[in-house]
Amino acid sequence: MLEKWPLQILLLTFLTGLLGLEREAKRKPAGIGTHILVALSVFTFFYIGEKFVGDLPRIISSVIIGIGFIGGGVIVKHPEKIGEEVIGITTAATLWFAVAISLLVCVEEYLLAMVLTLLALGVLKARIPLKEKLHH
């Protein structure tokens with residue numbers, strides 16, 4: 001029987017790489033490398049939890065909480081902008097989303113992971129033009 005994990009790793013790397021590439025194209029603090037490393041970490045923790053520890057819900061919970069710490073690191077106040085604009089929230093959300101997508105791949109929900117990634121990329125793409133129209 002063929003192991004499924006090599007294809008899972010390729011899929012989650014591709015999907016979260018797309019998210020990271022979008023962030024990198026906009027010169028945001030967490031790009032393709034960060035998103036892929038988050039995804040690979042999720043896969044690794046999931047694999048360990050499933051194969052060795054046997055307490056998968058606790059590991060998944062810890063991963064979800066842990067990404068909040070990383071996400072918090074990319075959210076900052078930008079003092080040079082009017083009103084001390086807060087930046088990095090969308091990047092933090094894409095990192096959190098990378099965890100969710102990775103977990104979907106880990107539980108073999110491949111189509112859902114792909115559809116949600118495409119939807120997220122569409123939202124990220126439409127966000128700037130929509131924001132500009134709302135503020136003018």
# chains A, B, ... in the order shown; residues from 1 in each chain; ligands from 1
>>> residues_around(residues="stretch 31-40 of chain A", least_positions_apart="6", cutoff="10 Å", atoms="only C-alpha atoms", output="ChimeraX atom specification")
/A:9-10,12-25,46,63,67,70,91,94-103,105
>>> write_last_selection(atoms="N, CA and C atoms", output="compact mmCIF listing (two decimals), in the first residue's frame")
# COMPACT_ATOMS: atom_id res chain seq x y z
N ILE A 9 1.92 16.19 1.82
CA ILE A 9 2.94 17.22 2.02
C ILE A 9 3.04 18.12 0.78
N LEU A 10 3.03 17.52 -0.39
CA LEU A 10 3.07 18.31 -1.62
C LEU A 10 1.85 19.23 -1.74
N LEU A 12 -0.26 20.38 0.69
CA LEU A 12 -0.31 21.47 1.67
C LEU A 12 0.80 22.47 1.42
N THR A 13 1.93 22.03 0.89
CA THR A 13 3.00 22.96 0.54
C THR A 13 2.55 23.86 -0.61
N PHE A 14 1.91 23.28 -1.60
CA PHE A 14 1.42 24.06 -2.74
C PHE A 14 0.35 25.06 -2.31
N LEU A 15 -0.64 24.60 -1.56
CA LEU A 15 -1.75 25.48 -1.18
C LEU A 15 -1.30 26.62 -0.28
N THR A 16 -0.53 26.30 0.74
CA THR A 16 -0.08 27.36 1.65
C THR A 16 1.00 28.22 1.00
N GLY A 17 1.73 27.63 0.05
CA GLY A 17 2.69 28.42 -0.72
C GLY A 17 2.00 29.49 -1.55
N LEU A 18 0.82 29.17 -2.09
CA LEU A 18 0.05 30.17 -2.82
C LEU A 18 -0.35 31.33 -1.92
N LEU A 19 -0.76 31.01 -0.70
CA LEU A 19 -1.10 32.07 0.26
C LEU A 19 0.12 32.93 0.57
N GLY A 20 1.23 32.28 0.83
CA GLY A 20 2.46 33.00 1.14
C GLY A 20 2.96 33.83 -0.02
N LEU A 21 2.79 33.31 -1.22
CA LEU A 21 3.19 34.04 -2.42
C LEU A 21 2.37 35.32 -2.58
N GLU A 22 1.08 35.23 -2.29
CA GLU A 22 0.21 36.42 -2.35
C GLU A 22 0.67 37.46 -1.34
N ARG A 23 1.01 37.02 -0.13
CA ARG A 23 1.49 37.96 0.90
C ARG A 23 2.83 38.56 0.50
N GLU A 24 3.70 37.72 -0.06
CA GLU A 24 5.01 38.20 -0.46
C GLU A 24 4.91 39.21 -1.61
N ALA A 25 4.00 38.96 -2.53
CA ALA A 25 3.80 39.88 -3.65
C ALA A 25 3.38 41.26 -3.16
N PHE A 46 0.74 16.87 13.58
CA PHE A 46 -0.39 15.97 13.35
C PHE A 46 0.11 14.53 13.24
N VAL A 63 -1.60 23.43 18.51
CA VAL A 63 -1.14 24.05 17.26
C VAL A 63 -1.95 25.30 16.96
N ILE A 67 -0.26 29.13 16.91
CA ILE A 67 -0.17 30.01 15.74
C ILE A 67 -0.62 31.42 16.10
N ILE A 70 2.48 33.35 16.92
CA ILE A 70 3.21 33.77 15.71
C ILE A 70 2.45 34.89 15.01
N THR A 91 -2.19 39.27 7.28
CA THR A 91 -1.11 38.27 7.24
C THR A 91 -1.25 37.28 8.39
N THR A 94 -3.88 34.90 7.39
CA THR A 94 -3.47 33.91 6.39
C THR A 94 -2.61 32.82 7.02
N LEU A 95 -1.83 33.17 8.03
CA LEU A 95 -1.05 32.15 8.75
C LEU A 95 -1.98 31.20 9.50
N TRP A 96 -3.00 31.75 10.13
CA TRP A 96 -3.98 30.93 10.85
C TRP A 96 -4.73 30.04 9.85
N PHE A 97 -5.05 30.62 8.70
CA PHE A 97 -5.73 29.88 7.65
C PHE A 97 -4.83 28.76 7.10
N ALA A 98 -3.53 29.01 7.02
CA ALA A 98 -2.58 27.98 6.57
C ALA A 98 -2.63 26.77 7.51
N VAL A 99 -2.82 27.03 8.80
CA VAL A 99 -2.98 25.93 9.76
C VAL A 99 -4.25 25.15 9.45
N ALA A 100 -5.34 25.87 9.23
CA ALA A 100 -6.62 25.21 8.95
C ALA A 100 -6.55 24.37 7.67
N ILE A 101 -5.96 24.93 6.63
CA ILE A 101 -5.83 24.21 5.36
C ILE A 101 -4.96 22.97 5.56
N SER A 102 -3.88 23.12 6.30
CA SER A 102 -2.99 21.98 6.56
C SER A 102 -3.72 20.88 7.33
N LEU A 103 -4.53 21.27 8.29
CA LEU A 103 -5.30 20.26 9.03
C LEU A 103 -6.30 19.55 8.14
N VAL A 105 -5.93 18.96 4.97
CA VAL A 105 -5.15 18.01 4.18
C VAL A 105 -4.78 16.80 5.03
>>> select_by_dssp(residues="chain A", states="strand (DSSP E)", output="list in words")
Val76, Lys77, His78, Glu85, Val86 and Ile87 of chain A
>>> write_last_selection(atoms="C-alpha atoms", output="mmCIF file, in the first residue's frame")
data_model
loop_
_atom_site.group_PDB
_atom_site.id
_atom_site.type_symbol
_atom_site.label_atom_id
_atom_site.label_comp_id
_atom_site.auth_asym_id
_atom_site.auth_seq_id
_atom_site.Cartn_x
_atom_site.Cartn_y
_atom_site.Cartn_z
ATOM 1 C CA VAL A 76 1.979 45.928 14.690
ATOM 2 C CA LYS A 77 1.001 49.562 14.975
ATOM 3 C CA HIS A 78 2.456 51.641 12.188
ATOM 4 C CA GLU A 85 -2.761 52.285 11.617
ATOM 5 C CA VAL A 86 -2.555 48.646 12.712
ATOM 6 C CA ILE A 87 -0.977 46.448 10.058
#
>>> atom_distance(atom1="atom CA of A:Gly71", atom2="atom CA of A:Lys28")
12.5 Å
>>> select_by_dssp(residues="chain A", states="alpha helix (DSSP H)", output="PyMOL selection string")
chain A and resi 5-25+32-48+56-74+89-106+110-134
>>> closest_residue(among="A:Leu11, A:Gly49, A:Lys26, A:Val42", to="A:Ile65", atoms="only C-alpha atoms")
A:Val42
